[in-house]
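What follows is the content of my_file-v7.pdb, which has PDB, C-alpha atoms:
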```
ATOM      1  CA  MET A   1      47.945 -16.852  12.011
ATOM      2  CA  ALA A   2      50.922 -14.534  11.606
ATOM      3  CA  TYR A   3      50.095 -14.234   7.903
ATOM      4  CA  ILE A   4      46.598 -12.951   8.744
ATOM      5  CA  ARG A   5      48.008 -10.432  11.232
ATOM      6  CA  ARG A   6      50.490  -9.080   8.698
ATOM      7  CA  ASN A   7      47.858  -8.843   5.968
ATOM      8  CA  SER A   8      44.797  -8.049   8.056
ATOM      9  CA  PHE A   9      43.626  -5.305   5.677
ATOM     10  CA  VAL A  10      43.620  -7.781   2.749
ATOM     11  CA  PHE A  11      41.806 -10.380   4.826
ATOM     12  CA  LEU A  12      39.263  -7.760   5.951
ATOM     13  CA  PHE A  13      38.761  -6.555   2.359
ATOM     14  CA  PHE A  14      38.060 -10.051   1.005
ATOM     15  CA  THR A  15      35.765 -10.830   3.939
ATOM     16  CA  LEU A  16      33.817  -7.652   3.241
ATOM     17  CA  VAL A  17      33.569  -8.486  -0.472
ATOM     18  CA  LEU A  18      32.332 -11.993   0.367
ATOM     19  CA  ILE A  19      29.702 -10.696   2.789
ATOM     20  CA  LEU A  20      28.460  -8.082   0.305
ATOM     21  CA  SER A  21      28.293 -10.705  -2.447
ATOM     22  CA  PHE A  22      26.153 -13.013  -0.325
ATOM     23  CA  TYR A  23      23.933 -10.113   0.717
ATOM     24  CA  SER A  24      23.453  -9.042  -2.896
ATOM     25  CA  ALA A  25      22.642 -12.578  -4.040
ATOM     26  CA  LEU A  26      20.181 -13.211  -1.225
ATOM     27  CA  SER A  27      18.458  -9.831  -1.346
ATOM     28  CA  HIS A  28      17.801  -9.960  -5.089
ATOM     29  CA  ASN A  29      14.276 -11.278  -5.559
ATOM     30  CA  SER A  30      14.018 -12.856  -9.005
ATOM     31  CA  GLU A  31      10.347 -13.684  -8.394
ATOM     32  CA  GLU A  32       9.453 -10.016  -8.226
ATOM     33  CA  ALA A  33       7.047  -9.139 -10.995
ATOM     34  CA  HIS A  34       7.833  -6.186 -13.222
ATOM     35  CA  MET A  35       4.823  -3.986 -13.685
ATOM     36  CA  VAL A  36       3.653  -1.995 -16.703
ATOM     37  CA  GLN A  37       1.040   0.731 -16.969
ATOM     38  CA  LEU A  38      -2.172  -0.180 -18.791
ATOM     39  CA  LYS A  39      -4.741   2.421 -19.806
ATOM     40  CA  ILE A  40      -8.309   1.219 -19.316
ATOM     41  CA  GLU A  41     -10.542   1.409 -22.384
ATOM     42  CA  GLN A  42     -14.339   1.673 -22.503
ATOM     43  CA  GLY A  43     -15.903  -1.684 -21.627
ATOM     44  CA  ASP A  44     -12.842  -3.112 -19.852
ATOM     45  CA  THR A  45     -13.348  -4.929 -16.570
ATOM     46  CA  LEU A  46     -10.813  -6.627 -14.342
ATOM     47  CA  TRP A  47     -12.300  -9.964 -15.419
ATOM     48  CA  THR A  48     -11.850  -9.231 -19.154
ATOM     49  CA  LEU A  49      -8.319  -8.013 -18.477
ATOM     50  CA  ALA A  50      -7.666 -11.246 -16.568
ATOM     51  CA  ASP A  51      -8.908 -13.194 -19.623
ATOM     52  CA  GLU A  52      -6.272 -11.461 -21.714
ATOM     53  CA  TYR A  53      -3.313 -11.041 -19.322
ATOM     54  CA  SER A  54      -3.461 -13.565 -16.473
ATOM     55  CA  GLY A  55      -1.849 -16.477 -18.315
ATOM     56  CA  ASN A  56      -2.062 -19.620 -16.160
ATOM     57  CA  ILE A  57      -2.933 -17.724 -12.982
ATOM     58  CA  PRO A  58      -6.589 -18.169 -11.933
ATOM     59  CA  HIS A  59      -8.572 -15.020 -12.679
ATOM     60  CA  HIS A  60      -9.564 -14.318  -9.067
ATOM     61  CA  GLU A  61      -5.918 -14.549  -7.898
ATOM     62  CA  TRP A  62      -4.767 -12.256 -10.716
ATOM     63  CA  ILE A  63      -7.495  -9.732  -9.879
ATOM     64  CA  ASP A  64      -6.544  -9.842  -6.172
ATOM     65  CA  GLU A  65      -2.897  -9.172  -7.110
ATOM     66  CA  ILE A  66      -3.887  -6.240  -9.349
ATOM     67  CA  MET A  67      -6.117  -4.762  -6.656
ATOM     68  CA  GLU A  68      -3.321  -5.018  -4.084
ATOM     69  CA  GLU A  69      -0.688  -3.530  -6.422
ATOM     70  CA  ASN A  70      -2.967  -0.607  -7.330
ATOM     71  CA  LYS A  71      -4.264  -0.148  -3.766
ATOM     72  CA  MET A  72      -7.860  -0.679  -4.869
ATOM     73  CA  SER A  73     -10.536  -1.394  -2.258
ATOM     74  CA  GLU A  74     -13.148  -2.504  -4.838
ATOM     75  CA  PRO A  75     -12.731  -4.324  -8.184
ATOM     76  CA  ILE A  76     -14.072  -1.390 -10.195
ATOM     77  CA  ILE A  77     -12.166   0.336 -13.003
ATOM     78  CA  ALA A  78     -13.161   3.197 -15.297
ATOM     79  CA  ALA A  79     -12.276   4.154 -18.859
ATOM     80  CA  GLY A  80      -9.247   6.456 -18.947
ATOM     81  CA  GLN A  81      -7.861   5.104 -15.679
ATOM     82  CA  THR A  82      -4.309   3.725 -15.669
ATOM     83  CA  ILE A  83      -3.451   0.630 -13.638
ATOM     84  CA  LYS A  84      -0.293  -1.421 -13.111
ATOM     85  CA  ILE A  85      -0.295  -5.034 -14.296
ATOM     86  CA  PRO A  86       2.527  -7.625 -14.333
ATOM     87  CA  ASP A  87       4.293  -7.773 -17.686
ATOM     88  CA  GLY A  88       5.026 -11.494 -17.461
ATOM     89  CA  HIS A  89       2.097 -12.524 -19.643
ATOM     90  CA  LEU A  90       1.970  -9.661 -22.104
ATOM     91  CA  ASP A  91       2.048 -10.935 -25.649
ATOM     92  CA  PHE A  92       3.513  -8.438 -28.093
ATOM     93  CA  ALA A  93       3.954 -10.893 -30.969
ATOM     94  CA  PRO A  94       2.304  -9.735 -34.182
ATOM     95  CA  ASP A  95      -0.688 -11.706 -35.417
ATOM     96  CA  GLY A  96      -0.556 -13.824 -38.568
ATOM     97  CA  THR A  97      -1.870 -11.028 -40.820
ATOM     98  CA  PHE A  98       1.040  -8.721 -40.071
ATOM     99  CA  LYS A  99       4.126  -9.276 -42.246
ATOM    100  CA  LEU A 100       7.579  -7.999 -41.451
ATOM    101  CA  ALA A 101      10.119  -7.083 -44.131
ATOM    102  CA  SER A 102      12.338  -9.928 -42.911
ATOM    103  CA  ASP A 103       9.567 -12.559 -43.224
ATOM    104  CA  SER A 104      10.104 -14.845 -46.155
ATOM    105  CA  GLU A 105       7.616 -17.173 -47.711
TER     106      GLU A 105
END
```
Kindly transcribe the structure held in the file into structure tokens.
Amino acid sequence: MAYIRRNSFVFLFFTLVLILSFYSALSHNSEEAHMVQLKIEQGDTLWTLADEYSGNIPHHEWIDEIMEENKMSEPIIAAGQTIKIPDGHLDFAPDGTFKLASDSE
């Protein structure tokens, strides 16, 4: 106990560091989806976007999430509009017809 009294500032510092570390670890939400902006093209609907971007999430759940994120009261979108969608299921891989310089046959 005398050791703690003599070095109370060190003990307090390490306690503070420990508390802040736990707070940082617990407050970080790894499940939080990162959003990207998507410009709506002519003929797009939330259902067709769900076909392309929802992954394994049922379409109606994906649409509900998009409506909530974009503060939409109705599931209606228009060409030229920009909406936020989760980037978790975006597929930027080139198709089979596109060859990169590093591709070898």
Kindly resolve the PyMOL selection byres ((chain A and resi 34-45) around 6) on the present coordinates and return the residues as an mmCIF file with C-alpha atoms, in the coordinates of the input.
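Generated output (expr00.cif):
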```cif
data_model
loop_
_atom_site.group_PDB
_atom_site.id
_atom_site.type_symbol
_atom_site.label_atom_id
_atom_site.label_comp_id
_atom_site.auth_asym_id
_atom_site.auth_seq_id
_atom_site.Cartn_x
_atom_site.Cartn_y
_atom_site.Cartn_z
ATOM 1 C CA ALA A 33 7.047 -9.139 -10.995
ATOM 2 C CA LEU A 46 -10.813 -6.627 -14.342
ATOM 3 C CA TRP A 47 -12.300 -9.964 -15.419
ATOM 4 C CA THR A 48 -11.850 -9.231 -19.154
ATOM 5 C CA ALA A 79 -12.276 4.154 -18.859
ATOM 6 C CA GLY A 80 -9.247 6.456 -18.947
ATOM 7 C CA GLN A 81 -7.861 5.104 -15.679
ATOM 8 C CA THR A 82 -4.309 3.725 -15.669
ATOM 9 C CA ILE A 83 -3.451 0.630 -13.638
ATOM 10 C CA LYS A 84 -0.293 -1.421 -13.111
ATOM 11 C CA ILE A 85 -0.295 -5.034 -14.296
ATOM 12 C CA PRO A 86 2.527 -7.625 -14.333
ATOM 13 C CA ASP A 87 4.293 -7.773 -17.686
#
```
*Between A:Phe11, A:Met72, A:Ala25, A:Gly88, which has the minimum distance to A:Gly55 (counting all atoms listed in the file)?*
A:Gly88
_For a test of reading the model, state the distance in Å between atom CA of A:Asn7 and atom CA of A:Leu26, rounded to one decimal._
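So the two atoms, atom CA of A:Asn7 and atom CA of A:Leu26, lie 28.9 Å apart.
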*What is the atom CA of A:Pro75 to atom CA of A:His60 distance in Å?*
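One can read the atom CA of A:Pro75 to atom CA of A:His60 distance as 10.5 Å.
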*What does the distance from atom CA of A:Ala50 to atom CA of A:Met67 come to in Å, to one decimal?*
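Interatomic distance here is 11.9 Å.
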